[in-house]
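Let me begin by presenting the structure, written as C-alpha cells, before commenting on it.
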Amino acid sequence: MSRILMIVTGATELRLADGTSHPTGFWAEELATAHRELTRAGHSVVIATPDGVTPTPDAVSLDAEQVGSQEKADELAAYLREISGELEAAVPISSVDVSEFDAVVLPGGHGPMTDLAFDAQTGRVLAAANAAGTVIAPFCHGPAALLAAKAEDGTNVFAGRRVTAFTDEEERTGGTGEKTPWWVESALRDAGLEVETAPAWSDHVVVDGNLISGQNPQSSASVAREVIDALGRGAS
C-alpha cells in the first residue's frame, strides 16, 4: 500500500478580471473520483490544504445540471459526506514532509488559481517531490499549482516538461469565460512547460516520467488509474 498526498485548494472565491468575486472551491467530481479510485486500489490518502483549512466544494460542481443528473450529484455529495472527516482533518501543506509519500495528487476546481498557484509551501512540496522522482499528478485546474514550484534562479522546476491542463478554450466555453483573471494553459506555457491539449472536454492524460496530468474533469478517473499503475511499476 502506498501513501498518497492529495493537495487541495482551500480557496472559496476567485477574483475575476472585472473585479467581482466568483464563488469557488474544489471540483467535487475530481476529488471524489480520484480519492475513491486510489483508496479502492488499497492506497491511503492524506489531504493537505494551505494552513490546514477544511476545503470547500464548489457548489456548481454539485449541481445536477452541471454534473449530468441528480443521481450523480447526490452520489458525489454522499461520497463527500463519507470522507468529511478526512477533509476536516486536512493537514497544513507547510507541515508536509514529501519523503513520507509515494505520490502527490492535485485535483482542481478554480480554487487553485487563487491559492495553490502562488503558495510557496505548495511549490516547496512539488519541487521536492519532483527531485525525488515521486509521482506528481495534477489535473484540470490542478496544474496551476505547478506554477508555484520555482528553482533558485526563479525558473519553473517543470519547465520543458510535457503536461496538460484545463485549456483556454474550455475556460472560455465552460469556465469563467472572458472574465477569467488568468489562463492556466497559457500561464503554464509562459512558464516554459510544453502543454499538450486534446479537443475540449475529452478525456486526455499526458504522462512525462513521474509527471501525470489530466486536462479536465472528464480525465479524473484516467489520471487516478495512471497513478495506480505508476505506483505499481515505479515511475520512470
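Residues in the C-alpha cells are numbered from 1 in each chain, the chains being A, B, ... in the order shown, and ligands are numbered from 1 in the order shown.
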Given only C-alpha atoms, how would the per-residue table for stretch 187-222 of chain A near stretch 108-127 of chain A read, listing every residue at most 12 Å away with its closest atom pair and distance in Å to one decimal, sorted by chain and number, as a Markdown table?
| residue | atom | partner | partner_atom | distance |
| --- | --- | --- | --- | --- |
| A:Ala187 | CA | A:Ala117 | CA | 10.2 |
| A:Leu188 | CA | A:Ala117 | CA | 10.5 |
| A:Ala191 | CA | A:Ala117 | CA | 12.0 |
| A:Asn210 | CA | A:Leu126 | CA | 11.5 |
| A:Leu211 | CA | A:Leu126 | CA | 10.5 |
| A:Ser213 | CA | A:Gly108 | CA | 11.2 |
| A:Gly214 | CA | A:Gly108 | CA | 10.0 |
| A:Gln215 | CA | A:Gly108 | CA | 10.1 |
| A:Asn216 | CA | A:Gly108 | CA | 8.4 |
| A:Pro217 | CA | A:Gly108 | CA | 8.2 |
| A:Gln218 | CA | A:Gly108 | CA | 11.8 |
| A:Ser219 | CA | A:Gly108 | CA | 11.3 |
| A:Ser220 | CA | A:Gly108 | CA | 9.7 |
How about saving the chosen residues, C-alpha atoms kept, as a compact mmCIF listing (two decimals), in the first residue's frame?
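Written output follows (again28.txt):
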# COMPACT_ATOMS: atom_id res chain seq x y z
CA ALA A 187 0.43 30.55 -17.87
CA LEU A 188 1.98 27.09 -17.98
CA ALA A 191 6.49 29.27 -17.53
CA ASN A 210 6.84 10.95 -12.88
CA LEU A 211 4.52 13.76 -14.02
CA SER A 213 -1.57 15.28 -15.76
CA GLY A 214 -5.19 15.39 -16.89
CA GLN A 215 -6.97 18.01 -18.95
CA ASN A 216 -10.38 18.31 -17.29
CA PRO A 217 -12.95 16.63 -15.01
CA GLN A 218 -13.53 14.00 -17.68
CA SER A 219 -9.93 12.89 -17.14
CA SER A 220 -10.18 12.31 -13.37
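Reported to one decimal place, the separation of atom CA of A:Val45 from atom CA of A:Met6 is 6.6 Å.
Minimum distance to A:Ala200 across A:Glu185, A:Glu88, A:Glu169, A:Asp74 (counting only C-alpha atoms) occurs at A:Glu169.
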* Structure fact -> Counting only C-alpha atoms, closest pick from A:Pro143, A:Gly85, A:Gly154, A:Gly160 relative to A:Val46 is A:Gly85
* To do: For A:Val53, please output as a list in words all residues within 9 Å (counting only C-alpha atoms; exclusion window: fewer than 5 positions along the same chain).
  =>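 Using only C-alpha atoms, the neighbours found are Gly10, Ala48, Leu87, Glu88, Ala89, Ala90, Val91 and Pro92 of chain A.
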Can you write just those residues out, C-alpha atoms, as an mmCIF file, in the first residue's frame?
data_model
loop_
_atom_site.group_PDB
_atom_site.id
_atom_site.type_symbol
_atom_site.label_atom_id
_atom_site.label_comp_id
_atom_site.auth_asym_id
_atom_site.auth_seq_id
_atom_site.Cartn_x
_atom_site.Cartn_y
_atom_site.Cartn_z
ATOM 1 C CA GLY A 10 -8.552 25.966 0.472
ATOM 2 C CA ALA A 48 -3.388 18.791 2.754
ATOM 3 C CA LEU A 87 -11.494 16.724 4.689
ATOM 4 C CA GLU A 88 -11.907 18.298 8.118
ATOM 5 C CA ALA A 89 -8.611 16.750 9.244
ATOM 6 C CA ALA A 90 -6.637 18.302 6.380
ATOM 7 C CA VAL A 91 -3.028 18.951 7.368
ATOM 8 C CA PRO A 92 -1.217 22.203 6.591
#
Can you list, as an mmCIF file with C-alpha atoms, in the first residue's frame, every protein, DNA or RNA residue that comes within 9 Å of A:Ile4 when you count only C-alpha atoms, leaving out same-chain residues fewer than 6 positions away?
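Final output, saved to around-v9.cif:
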data_model
loop_
_atom_site.group_PDB
_atom_site.id
_atom_site.type_symbol
_atom_site.label_atom_id
_atom_site.label_comp_id
_atom_site.auth_asym_id
_atom_site.auth_seq_id
_atom_site.Cartn_x
_atom_site.Cartn_y
_atom_site.Cartn_z
ATOM 1 C CA LEU A 38 -6.972 5.450 -5.136
ATOM 2 C CA HIS A 43 -3.710 3.163 -1.072
ATOM 3 C CA SER A 44 -4.076 5.635 1.789
ATOM 4 C CA VAL A 45 -4.741 9.308 1.121
ATOM 5 C CA VAL A 46 -3.726 12.259 3.288
ATOM 6 C CA ILE A 47 -5.375 15.571 2.416
ATOM 7 C CA GLU A 100 6.758 10.231 3.557
ATOM 8 C CA PHE A 101 4.612 9.930 0.423
ATOM 9 C CA ASP A 102 4.742 7.918 -2.784
ATOM 10 C CA ALA A 103 2.614 10.269 -4.878
ATOM 11 C CA VAL A 104 1.176 13.778 -4.861
ATOM 12 C CA VAL A 105 -2.254 14.237 -6.447
#
* **A:Trp183 environment, 8 Å, only C-alpha atoms, sequence neighbours closer than 3 positions dropped, as a ChimeraX atom specification** => /A:167-168,171,180,186-187
Output N, CA, C and O atoms for every residue in that selection, as a PDB file, in the first residue's frame.
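Output file selection.pdb is given in full below:
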ATOM      1  N   THR A 167      -7.954  23.739 -20.616  1.00  0.00           N
ATOM      2  CA  THR A 167      -7.480  24.569 -21.712  1.00  0.00           C
ATOM      3  C   THR A 167      -8.124  25.955 -21.717  1.00  0.00           C
ATOM      4  O   THR A 167      -9.185  26.180 -21.138  1.00  0.00           O
ATOM      5  N   ASP A 168      -7.486  26.873 -22.424  1.00  0.00           N
ATOM      6  CA  ASP A 168      -8.059  28.210 -22.571  1.00  0.00           C
ATOM      7  C   ASP A 168      -9.420  28.123 -23.252  1.00  0.00           C
ATOM      8  O   ASP A 168     -10.351  28.865 -22.904  1.00  0.00           O
ATOM      9  N   GLU A 171     -11.942  27.002 -20.743  1.00  0.00           N
ATOM     10  CA  GLU A 171     -12.231  28.093 -19.812  1.00  0.00           C
ATOM     11  C   GLU A 171     -13.194  29.097 -20.439  1.00  0.00           C
ATOM     12  O   GLU A 171     -14.127  29.596 -19.787  1.00  0.00           O
ATOM     13  N   THR A 180     -12.211  35.543 -16.934  1.00  0.00           N
ATOM     14  CA  THR A 180     -11.123  34.778 -16.320  1.00  0.00           C
ATOM     15  C   THR A 180      -9.935  35.690 -16.023  1.00  0.00           C
ATOM     16  O   THR A 180      -9.461  36.393 -16.923  1.00  0.00           O
ATOM     17  N   SER A 186      -2.225  28.977 -20.765  1.00  0.00           N
ATOM     18  CA  SER A 186      -1.280  29.997 -21.232  1.00  0.00           C
ATOM     19  C   SER A 186      -0.188  30.260 -20.199  1.00  0.00           C
ATOM     20  O   SER A 186       0.983  30.441 -20.559  1.00  0.00           O
ATOM     21  N   ALA A 187      -0.563  30.289 -18.925  1.00  0.00           N
ATOM     22  CA  ALA A 187       0.429  30.549 -17.871  1.00  0.00           C
ATOM     23  C   ALA A 187       1.469  29.440 -17.805  1.00  0.00           C
ATOM     24  O   ALA A 187       2.661  29.702 -17.588  1.00  0.00           O
TER      25      ALA A 187
END
* Any chance you could list, as a list of chain:residue names, the residues in stretch 48-176 of chain A that come up strand (DSSP E or B) when DSSP is run on the backbone? =>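 Selection result, strand (DSSP E or B) within stretch 48-176 of chain A: A:Ala48, A:Thr49, A:Pro57, A:Val91, A:Pro92, A:Ala103, A:Val104, A:Val105, A:Leu106, A:Val135, A:Ile136, A:Ala137, A:Pro138, A:Phe139, A:Lys150, A:Asn156, A:Arg162, A:Val163.
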Would you export the selected residues with N, CA, C and O atoms as a PDB file, in the first residue's frame, please?
ATOM      1  N   ALA A  48      -4.093  17.609   2.259  1.00  0.00           N
ATOM      2  CA  ALA A  48      -3.388  18.791   2.754  1.00  0.00           C
ATOM      3  C   ALA A  48      -3.932  20.027   2.053  1.00  0.00           C
ATOM      4  O   ALA A  48      -4.247  19.993   0.857  1.00  0.00           O
ATOM      5  N   THR A  49      -4.040  21.106   2.791  1.00  0.00           N
ATOM      6  CA  THR A  49      -4.506  22.384   2.251  1.00  0.00           C
ATOM      7  C   THR A  49      -3.634  23.500   2.814  1.00  0.00           C
ATOM      8  O   THR A  49      -2.942  23.316   3.821  1.00  0.00           O
ATOM      9  N   PRO A  57     -16.223  22.338  -1.345  1.00  0.00           N
ATOM     10  CA  PRO A  57     -16.543  22.014  -2.731  1.00  0.00           C
ATOM     11  C   PRO A  57     -17.200  23.200  -3.428  1.00  0.00           C
ATOM     12  O   PRO A  57     -17.970  23.952  -2.808  1.00  0.00           O
ATOM     13  N   VAL A  91      -4.251  18.462   6.726  1.00  0.00           N
ATOM     14  CA  VAL A  91      -3.028  18.951   7.368  1.00  0.00           C
ATOM     15  C   VAL A  91      -2.520  20.174   6.617  1.00  0.00           C
ATOM     16  O   VAL A  91      -2.768  20.334   5.417  1.00  0.00           O
ATOM     17  N   PRO A  92      -1.805  21.053   7.298  1.00  0.00           N
ATOM     18  CA  PRO A  92      -1.217  22.203   6.591  1.00  0.00           C
ATOM     19  C   PRO A  92      -0.143  21.731   5.607  1.00  0.00           C
ATOM     20  O   PRO A  92       0.664  20.868   5.936  1.00  0.00           O
ATOM     21  N   ALA A 103       3.216   9.520  -3.778  1.00  0.00           N
ATOM     22  CA  ALA A 103       2.614  10.269  -4.878  1.00  0.00           C
ATOM     23  C   ALA A 103       1.972  11.523  -4.325  1.00  0.00           C
ATOM     24  O   ALA A 103       1.576  11.580  -3.154  1.00  0.00           O
ATOM     25  N   VAL A 104       1.871  12.540  -5.187  1.00  0.00           N
ATOM     26  CA  VAL A 104       1.176  13.778  -4.861  1.00  0.00           C
ATOM     27  C   VAL A 104       0.123  14.000  -5.930  1.00  0.00           C
ATOM     28  O   VAL A 104       0.450  14.062  -7.124  1.00  0.00           O
ATOM     29  N   VAL A 105      -1.132  14.088  -5.519  1.00  0.00           N
ATOM     30  CA  VAL A 105      -2.254  14.237  -6.447  1.00  0.00           C
ATOM     31  C   VAL A 105      -2.922  15.585  -6.188  1.00  0.00           C
ATOM     32  O   VAL A 105      -3.136  15.969  -5.030  1.00  0.00           O
ATOM     33  N   LEU A 106      -3.253  16.303  -7.257  1.00  0.00           N
ATOM     34  CA  LEU A 106      -3.817  17.641  -7.117  1.00  0.00           C
ATOM     35  C   LEU A 106      -5.058  17.808  -7.986  1.00  0.00           C
ATOM     36  O   LEU A 106      -4.965  18.106  -9.183  1.00  0.00           O
ATOM     37  N   VAL A 135       5.776  10.410  -7.886  1.00  0.00           N
ATOM     38  CA  VAL A 135       4.676  10.632  -8.827  1.00  0.00           C
ATOM     39  C   VAL A 135       3.943  11.922  -8.460  1.00  0.00           C
ATOM     40  O   VAL A 135       3.578  12.141  -7.303  1.00  0.00           O
ATOM     41  N   ILE A 136       3.736  12.791  -9.443  1.00  0.00           N
ATOM     42  CA  ILE A 136       3.016  14.044  -9.262  1.00  0.00           C
ATOM     43  C   ILE A 136       1.884  14.057 -10.275  1.00  0.00           C
ATOM     44  O   ILE A 136       2.123  13.923 -11.479  1.00  0.00           O
ATOM     45  N   ALA A 137       0.647  14.223  -9.810  1.00  0.00           N
ATOM     46  CA  ALA A 137      -0.496  14.082 -10.704  1.00  0.00           C
ATOM     47  C   ALA A 137      -1.533  15.187 -10.504  1.00  0.00           C
ATOM     48  O   ALA A 137      -2.487  15.032  -9.750  1.00  0.00           O
ATOM     49  N   PRO A 138      -1.367  16.318 -11.189  1.00  0.00           N
ATOM     50  CA  PRO A 138      -2.374  17.376 -11.165  1.00  0.00           C
ATOM     51  C   PRO A 138      -3.331  17.236 -12.349  1.00  0.00           C
ATOM     52  O   PRO A 138      -2.931  16.770 -13.420  1.00  0.00           O
ATOM     53  N   PHE A 139      -4.573  17.637 -12.170  1.00  0.00           N
ATOM     54  CA  PHE A 139      -5.491  17.583 -13.305  1.00  0.00           C
ATOM     55  C   PHE A 139      -6.508  18.709 -13.248  1.00  0.00           C
ATOM     56  O   PHE A 139      -6.778  19.281 -12.204  1.00  0.00           O
ATOM     57  N   LYS A 150       9.397  26.771  -7.980  1.00  0.00           N
ATOM     58  CA  LYS A 150      10.464  27.569  -8.596  1.00  0.00           C
ATOM     59  C   LYS A 150      11.844  27.063  -8.179  1.00  0.00           C
ATOM     60  O   LYS A 150      12.065  26.670  -7.029  1.00  0.00           O
ATOM     61  N   ASN A 156      10.830  27.894 -13.535  1.00  0.00           N
ATOM     62  CA  ASN A 156       9.922  26.861 -13.062  1.00  0.00           C
ATOM     63  C   ASN A 156      10.604  25.501 -13.081  1.00  0.00           C
ATOM     64  O   ASN A 156      11.281  25.140 -14.043  1.00  0.00           O
ATOM     65  N   ARG A 162       6.370  17.886 -20.345  1.00  0.00           N
ATOM     66  CA  ARG A 162       5.102  17.753 -21.050  1.00  0.00           C
ATOM     67  C   ARG A 162       3.968  17.648 -20.042  1.00  0.00           C
ATOM     68  O   ARG A 162       4.055  16.896 -19.066  1.00  0.00           O
ATOM     69  N   VAL A 163       2.906  18.388 -20.295  1.00  0.00           N
ATOM     70  CA  VAL A 163       1.799  18.441 -19.343  1.00  0.00           C
ATOM     71  C   VAL A 163       0.516  18.806 -20.088  1.00  0.00           C
ATOM     72  O   VAL A 163       0.557  19.308 -21.217  1.00  0.00           O
TER      73      VAL A 163
END
* To do: If you run DSSP over the backbone, which residues in stretch 48-218 of chain A end up helix (DSSP H, G or I)? Put them as an MDAnalysis selection string.
  => chainID A and resid 50:52 59:62 64:67 70:82 84:88 93:95 98:100 111:113 116:118 120:131 142:148 168:174 177:179 184:190 217:218
* For A:His204, which residue among A:Leu231, A:Thr155, A:Cys140, A:Glu178 is the nearest when counting only C-alpha atoms? ->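 The closest residue to A:His204 is A:Cys140.
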* Asked: Could you name the residues that touch stretch 63-65 of chain A at 12 Å or less, counting only C-alpha atoms, but leaving out those on the same chain fewer than 5 positions away, as number ranges by chain?
  -> A: 27-29, 57-58, 70-77
Next, the residues of the selection above should be written as a compact mmCIF listing (two decimals), in the first residue's frame with N, CA, C and O atoms.
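Below is the file that was written, selection.txt:
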# COMPACT_ATOMS: atom_id res chain seq x y z
N TRP A 27 -13.35 20.98 -7.17
CA TRP A 27 -14.39 20.40 -8.02
C TRP A 27 -14.72 19.01 -7.48
O TRP A 27 -13.87 18.14 -7.43
N ALA A 28 -15.98 18.84 -7.07
CA ALA A 28 -16.37 17.63 -6.35
C ALA A 28 -16.06 16.35 -7.10
O ALA A 28 -15.52 15.39 -6.52
N GLU A 29 -16.39 16.30 -8.37
CA GLU A 29 -16.18 15.08 -9.15
C GLU A 29 -14.71 14.70 -9.20
O GLU A 29 -14.35 13.52 -9.11
N PRO A 57 -16.22 22.34 -1.34
CA PRO A 57 -16.54 22.01 -2.73
C PRO A 57 -17.20 23.20 -3.43
O PRO A 57 -17.97 23.95 -2.81
N ASP A 58 -16.87 23.39 -4.67
CA ASP A 58 -17.56 24.39 -5.49
C ASP A 58 -19.01 23.97 -5.61
O ASP A 58 -19.30 22.85 -6.05
N GLN A 70 -29.35 14.31 -11.36
CA GLN A 70 -29.50 14.45 -9.91
C GLN A 70 -28.89 13.26 -9.20
O GLN A 70 -28.32 13.38 -8.11
N GLU A 71 -29.00 12.10 -9.83
CA GLU A 71 -28.44 10.88 -9.22
C GLU A 71 -26.93 11.03 -9.02
O GLU A 71 -26.40 10.68 -7.96
N LYS A 72 -26.24 11.55 -10.05
CA LYS A 72 -24.79 11.72 -9.93
C LYS A 72 -24.45 12.79 -8.90
O LYS A 72 -23.50 12.62 -8.12
N ALA A 73 -25.22 13.87 -8.89
CA ALA A 73 -24.97 14.93 -7.91
C ALA A 73 -25.14 14.40 -6.50
O ALA A 73 -24.34 14.69 -5.60
N ASP A 74 -26.18 13.60 -6.30
CA ASP A 74 -26.43 13.01 -4.97
C ASP A 74 -25.31 12.05 -4.58
O ASP A 74 -24.90 12.00 -3.41
N GLU A 75 -24.81 11.28 -5.56
CA GLU A 75 -23.73 10.33 -5.29
C GLU A 75 -22.46 11.07 -4.88
O GLU A 75 -21.76 10.66 -3.94
N LEU A 76 -22.15 12.16 -5.57
CA LEU A 76 -20.97 12.93 -5.23
C LEU A 76 -21.09 13.54 -3.83
O LEU A 76 -20.14 13.48 -3.03
N ALA A 77 -22.27 14.10 -3.55
CA ALA A 77 -22.49 14.70 -2.24
C ALA A 77 -22.38 13.65 -1.14
O ALA A 77 -21.81 13.91 -0.07
* Residue nearest A:Ala11 - candidates A:Gln66, A:Ser222, A:Thr54, A:Thr173, atoms counted: only C-alpha atoms ->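 Once distances to A:Ala11 are computed over only C-alpha atoms, the minimum belongs to A:Thr54.
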